[in-house]
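Reading through the structure tokens given below for one structure.
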Amino acid sequence: MDEKERIIQLRRELHEHNYRYYVLNQPTIGDQDFDFMMHELQQLEAKHPEMADENSPTQRVGSDLNAEFQQVEHKYPMLSLANTYNEQDVSDWYESVRKGLAGEEFEVCCEMKYDGLSISLTYVDGRLTQAVTRGDGVRGDDVTANVKTIRAIPLVLPGKGYPKEFEIRGEILMPWAVFERLNKERQEAEEPLFANPRNAASGTLKSQKSSLVASRQLDAYLYYLLGEDLPAEGHYENLEAARQWGFKISEGMRKVKTLEEIYDFINYWDTERKNLPVATDGIVLKVNSLRQQRSLGFTAKSPRWAIAYKFKAERVCTRLNEVTYQVGRTGAITPVANMDPVQLAGTTVKRATLNNEDFIKSFDLHIGDYVYVEKGGEIIPKIVGVDIEQRPIIAQPVRFIKRCPECGTPLVRYEGEAAWYCPNDTGCAPQIKGRIEHFISRRAMNIDSLGPETIDDYYRQGLIKNVADLYDIQVQQINGDGSRTKSAQRIVNGIEASKQVPFERVVFALGIRFVGETSARLLARHFKNIDALMNAGLEELQEIEGIGEVMAKSIITYFHDNRNREIVERLRAYGLQMALTGQQTATSDKLAGLSIVISGVFEHHSRDEYKAIIEQNGGKNVGSISGKTSFILAGENMGPSKLQKAEKLGIEIVNEDEFLERYGL
């Protein structure tokens with residue numbers, strides 16, 4: 001692969017990692033690996049200026065925007081910091097500051113780098129008026145209502161002497177104790193675990209329920225003050241003033257002058273940070289003088305007057321004793337390493353996920369190997385290497401299983417998939433329960449009176465063996481000794497109410513492998529009823545844009561199984577919606593053939609309502625802009641990246657009123 005091809009590959013991978021980290025909150029690589037990839041891309045782009053691209057990951061800050069929140073433009077851009085993992089880079093930064101200030105003396109404020117969600121708080125007359133996430137650095141999500149539930153953030157300042165209006169920035173954090181309790185609850189409920197406190201805090205703050213945010217007991221540390229009338233010319237002094245105004249400022253902050261003092265600070269906190277109640281992943285170094293900060297200025301992505309030193313993830317070596325296998329809710333088989341117990345990042349670790357067969361082969365794992373394990377900020381340990389020199393002579397390579405450990409069915413591996421699957425989705429207990437849990441989920445049938453623990457209990461009692469059995473449940477069967485009549489009635493009422501859920505969500509709820517919400521909607525709109533869908537052939541399915549061969553074959557396989565057809569017929573008999581209603585079917589062909597992107601906040605209708613209007617009039621909703629996009633339906637606060645891409649491709653931008661008038665909607 002030549003250097004230009006490598007640039008394209010790195011950009012693609014970094015965009016994907018940005019999306020997983022900031023939007024999905026499901027990172028698949030560590031911070032250090034991400035930073036190394038970014039550094040490599042920066043070097044290659046410097047060598048090849050002809051490959052310049054304004055949308056390169058090196059030219060923007062990763063986004064955590066959530067379309068469900070109103071987006072607000074930052075008065076002062078929120079840029080990310082340049083990262084380093086070694087003292088030489090710290091020395092280079094220190095020297096660049098010295099040269100940038102032409103030899104003028106300067107002080108450095110050393111602070112903890114908290115691993116949370118960046119937040120900007122605006123205060124007017126001592127009252128909190130707005131809380132905005134970093135977003136893409138230019139604009140972020142307004143999460144004021146949720147932030148007001150965080151007790152560490154003052155709503156009205158108790159101190160004195162603050163400016164009439166100012167902005168203070170910091171991190172929203174989930175304490176370790178809360179994080180561990182939450183993951184324990186999620187594990188017991190067979191729900192996916194949060195990867196680390198940062199992801200848990202981010203997911204919590206983006207919740208649509210402020211009551212949920214309040215229950216999660218989030219914390220906050222503030223670290224930067226901005227405004228026109230600040231009390232001091234020094235950053236350290238301003239934070240000390242903010243402490244007096246009632247803000248939670250780190251006690252570990254220190255002002256120094258020399259490199260040796262900086263190294264002392266780093267070395268002290270590399271160990272001591274493990275005793276803190278919240279997650280940290282490094283040290284932030286800032287030139288203290290605001291005047292000198294302005295003089296040094298910014299690069300396209302980060303300030304020249306600050307740098308982040310990232311701690312290396314803690315690593316231990318222990319013995320691999322056995323590999324066991326777990327069956328997921330979709331039938332995916334996950335291998336798990338069982339190891340000699342070892343202390344890692346404050347906890348005892350004896351198990352680690354091995355992801356899939358390819359992961360095992362990449363390390364050439366043998367039973368008895370001594371493996372390197374890291375956890376860093378993640379709750380789930382991972383194997384990152386093998387000490388080949390310690391491998392026993394008689395050690396045997398790990399061979400991935402061929403049959404399901406739960407039901408014994410031969411495993412299959414679908415084209416393009418890294419995982420092996422158990423295809424016995426109607427007879428394998430973990431899959432059966434998983435399908436029922438999927439069926440009752442909010443985006444499917446929305447039976448919120450039920451949960452995973454209840455489903456497991458009903459399954460063990462023999463009350464339910466598939467989703468159709470839910471509709472046979474009677475109050476007297478589930479009210480125990482008669483003391484749970486109210487809750488039992490609520491469950492039965494919730495099941496009954498689900499019969500009104502629209503057909504497209506029923507298709508999604510069936511849990512056909514590879515069929516997500518969007519594809520379920522496409523299938524429902526195309527076939528109009530369950531009978532047409534059940535009898536569809538491969539060619540007809542693949543004619544639908546967005547339905548590929550793998551998904552089409554999965555749909556056919558699902559409906560060719562008589563057990564699944566029997567379940568569908570029972571659901572039909574119970575009264576579930578098995579066809580589009582008049583309101584759901586297209587009312588006109590005014591938008592036929594048009595692919596429309598929706599962006600921004602609207603006045604006359606919600607985003608979901610506009611999506612329905614587009615589909616009901618023959619149009620197609622698409623999530624990303626391309627040369628095939630007909631136009632963008634744009635509301636207020638349209639994202640800047642979408643605007644730039646639209647202008648680059650010459651895509652028309654249509655506002656709300658113009659759209660309704662043009663098409664008579």
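Naming works like this for the structure tokens: A, B, ... for the chains as they're shown, residue 1 at the start of each chain, ligands 1 onward in shown order.
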Need the shell around Glu260 in chain A: protein/DNA/RNA residues with any atom at most 12 Å away, counting only C-alpha atoms. Skip same-chain ones fewer than 2 positions apart. Format as a list in words?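 Counting only C-alpha atoms, the residues come to Glu87, Val90, Ser91, Tyr94, Val108, Val256, Lys257, Thr258, Ile262, Tyr263, Asp264, Phe265, Ile266 and Asn267 of chain A.
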Contacts of range 111-114 of chain A within 12 Å, only C-alpha atoms, excl. fewer than 5 positions in-chain, as JSON, numbers by chain: {"A": [81, 83, 170, 171, 172, 173, 174, 175, 197, 198, 219, 220, 221, 222, 223, 224, 235, 236, 239, 249, 250, 251, 252, 253, 254, 255, 256, 262, 265, 266, 268, 269, 270, 272, 273, 276, 277, 278, 279, 280, 281, 282, 283, 284, 285, 286, 287, 288, 306, 307, 308, 309, 310, 311, 377]}
One decimal, Å: what's the distance from CA of Leu411 in chain A over to CA of Ile530 in chain A, could you say? 29.4 Å
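With only C-alpha atoms as the atoms that count, the residue of A:Leu344, A:Ile168, A:Leu117, A:Ile153 with the shortest distance to Gly203 in chain A is A:Leu117.
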Which of range 147-234 of chain A end up as alpha helix (DSSP H) when DSSP is run on this backbone - answer as a count of residues only? 29
Find the residues around Glu549 in chain A up to 12 Å (only C-alpha atoms counted), leave out those fewer than 3 positions away in its own chain, and share them as number ranges by chain. A: 414-416, 514, 537-546, 552-556
Go through A:Met78, A:Ile388, A:Val327, A:Ile613 one by one, measure the shortest atom-to-atom distance of each to Pro430 in chain A using only C-alpha atoms, and give the residue with the smallest value.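 Between A:Met78, A:Ile388, A:Val327, A:Ile613, the residue approaching Pro430 in chain A most closely is A:Val327.
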Find the distance between CA of Gln244 in chain A and CA of Pro154 in chain A and write it in Å to one decimal.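 It comes out at 12.1 Å.
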Pick out the residues sitting within 10 Å of Gly627 in chain A, and hand them over as a PyMOL selection string; count only C-alpha atoms, and ignore anything fewer than 3 positions along from it in its own chain. chain A and resi 630+646+649-651
Strand (DSSP E or B) per DSSP on the backbone: members of range 5-159 of chain A, as a PyMOL selection string: chain A and resi 71-73+83-84+108-114+117-124+127-133+139-142+156
So that I have them on file, write out the residues from the current selection with N, CA and C atoms, as a compact mmCIF listing (two decimals), in the first residue's frame.
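Below you can see again_31.txt, which holds the result:
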```txt
# COMPACT_ATOMS: atom_id res chain seq x y z
N GLN A 71 -29.36 22.35 19.03
CA GLN A 71 -27.94 22.65 18.90
C GLN A 71 -27.68 24.14 19.02
N VAL A 72 -26.63 24.48 19.77
CA VAL A 72 -26.32 25.87 20.08
C VAL A 72 -24.88 26.15 19.68
N GLU A 73 -24.65 27.29 19.05
CA GLU A 73 -23.30 27.66 18.64
C GLU A 73 -22.53 28.19 19.84
N ASN A 83 -2.26 15.56 22.02
CA ASN A 83 -1.93 14.53 23.01
C ASN A 83 -0.49 14.04 22.87
N THR A 84 0.09 13.63 23.98
CA THR A 84 1.40 13.01 23.97
C THR A 84 1.44 11.92 25.03
N VAL A 108 3.37 27.49 34.02
CA VAL A 108 2.50 26.44 33.50
C VAL A 108 1.58 25.96 34.62
N CYS A 109 0.29 25.90 34.31
CA CYS A 109 -0.68 25.36 35.26
C CYS A 109 -0.86 23.87 34.95
N CYS A 110 -0.56 23.01 35.91
CA CYS A 110 -0.69 21.55 35.76
C CYS A 110 -2.01 21.10 36.38
N GLU A 111 -2.81 20.34 35.64
CA GLU A 111 -4.12 19.91 36.12
C GLU A 111 -4.35 18.44 35.78
N MET A 112 -5.28 17.83 36.47
CA MET A 112 -5.71 16.48 36.12
C MET A 112 -6.53 16.52 34.83
N LYS A 113 -6.37 15.50 33.99
CA LYS A 113 -7.21 15.36 32.80
C LYS A 113 -8.30 14.35 33.13
N TYR A 114 -9.49 14.87 33.43
CA TYR A 114 -10.60 14.01 33.80
C TYR A 114 -11.22 13.37 32.56
N LEU A 117 -17.28 13.90 29.93
CA LEU A 117 -17.90 14.57 28.80
C LEU A 117 -17.72 16.08 28.96
N SER A 118 -17.09 16.72 27.97
CA SER A 118 -16.83 18.16 28.07
C SER A 118 -18.14 18.95 28.07
N ILE A 119 -18.19 19.97 28.92
CA ILE A 119 -19.40 20.77 29.06
C ILE A 119 -19.04 22.25 29.18
N SER A 120 -19.87 23.09 28.64
CA SER A 120 -19.71 24.54 28.75
C SER A 120 -20.93 25.10 29.47
N LEU A 121 -20.68 25.81 30.58
CA LEU A 121 -21.76 26.37 31.40
C LEU A 121 -21.73 27.88 31.32
N THR A 122 -22.87 28.48 31.05
CA THR A 122 -22.97 29.94 30.99
C THR A 122 -23.77 30.44 32.20
N TYR A 123 -23.20 31.46 32.85
CA TYR A 123 -23.86 32.08 34.01
C TYR A 123 -24.10 33.56 33.74
N VAL A 124 -25.29 34.01 34.07
CA VAL A 124 -25.65 35.43 33.96
C VAL A 124 -26.22 35.86 35.30
N ARG A 127 -26.53 33.09 37.90
CA ARG A 127 -27.47 31.98 37.70
C ARG A 127 -27.11 31.19 36.44
N LEU A 128 -27.20 29.86 36.53
CA LEU A 128 -26.94 29.02 35.37
C LEU A 128 -28.03 29.23 34.33
N THR A 129 -27.63 29.63 33.12
CA THR A 129 -28.61 29.87 32.06
C THR A 129 -28.54 28.85 30.93
N GLN A 130 -27.37 28.24 30.74
CA GLN A 130 -27.27 27.29 29.63
C GLN A 130 -26.10 26.34 29.85
N ALA A 131 -26.31 25.07 29.46
CA ALA A 131 -25.25 24.05 29.50
C ALA A 131 -25.21 23.39 28.13
N VAL A 132 -24.03 23.41 27.50
CA VAL A 132 -23.90 22.92 26.13
C VAL A 132 -22.71 21.97 26.04
N THR A 133 -22.89 20.82 25.38
CA THR A 133 -21.79 19.87 25.18
C THR A 133 -20.82 20.43 24.14
N ARG A 139 -20.49 24.01 17.55
CA ARG A 139 -21.80 24.02 18.20
C ARG A 139 -22.00 22.69 18.91
N GLY A 140 -22.81 22.72 19.95
CA GLY A 140 -23.06 21.52 20.74
C GLY A 140 -24.52 21.38 21.11
N ASP A 141 -24.83 20.34 21.87
CA ASP A 141 -26.21 20.08 22.28
C ASP A 141 -26.54 20.82 23.57
N ASP A 142 -27.71 21.44 23.59
CA ASP A 142 -28.19 22.12 24.79
C ASP A 142 -28.77 21.07 25.74
N VAL A 156 -27.37 28.55 41.36
CA VAL A 156 -27.20 29.95 41.75
C VAL A 156 -25.92 30.03 42.55
```
Show me, as a count of residues only, the residues that have an atom within 12 Å of range 449-461 of chain A when counting only C-alpha atoms, minus same-chain residues fewer than 4 positions from it. 47
One decimal, in Å: what's the spacing between CA of His48 in chain A and CA of Pro77 in chain A? 28.3 Å
Pick the closest to Arg572 in chain A from A:Asp358, A:Glu389, A:Glu167, A:Asp531: which is it, counting only C-alpha atoms?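 Among the listed residues, the smallest separation from Arg572 in chain A belongs to A:Asp531.
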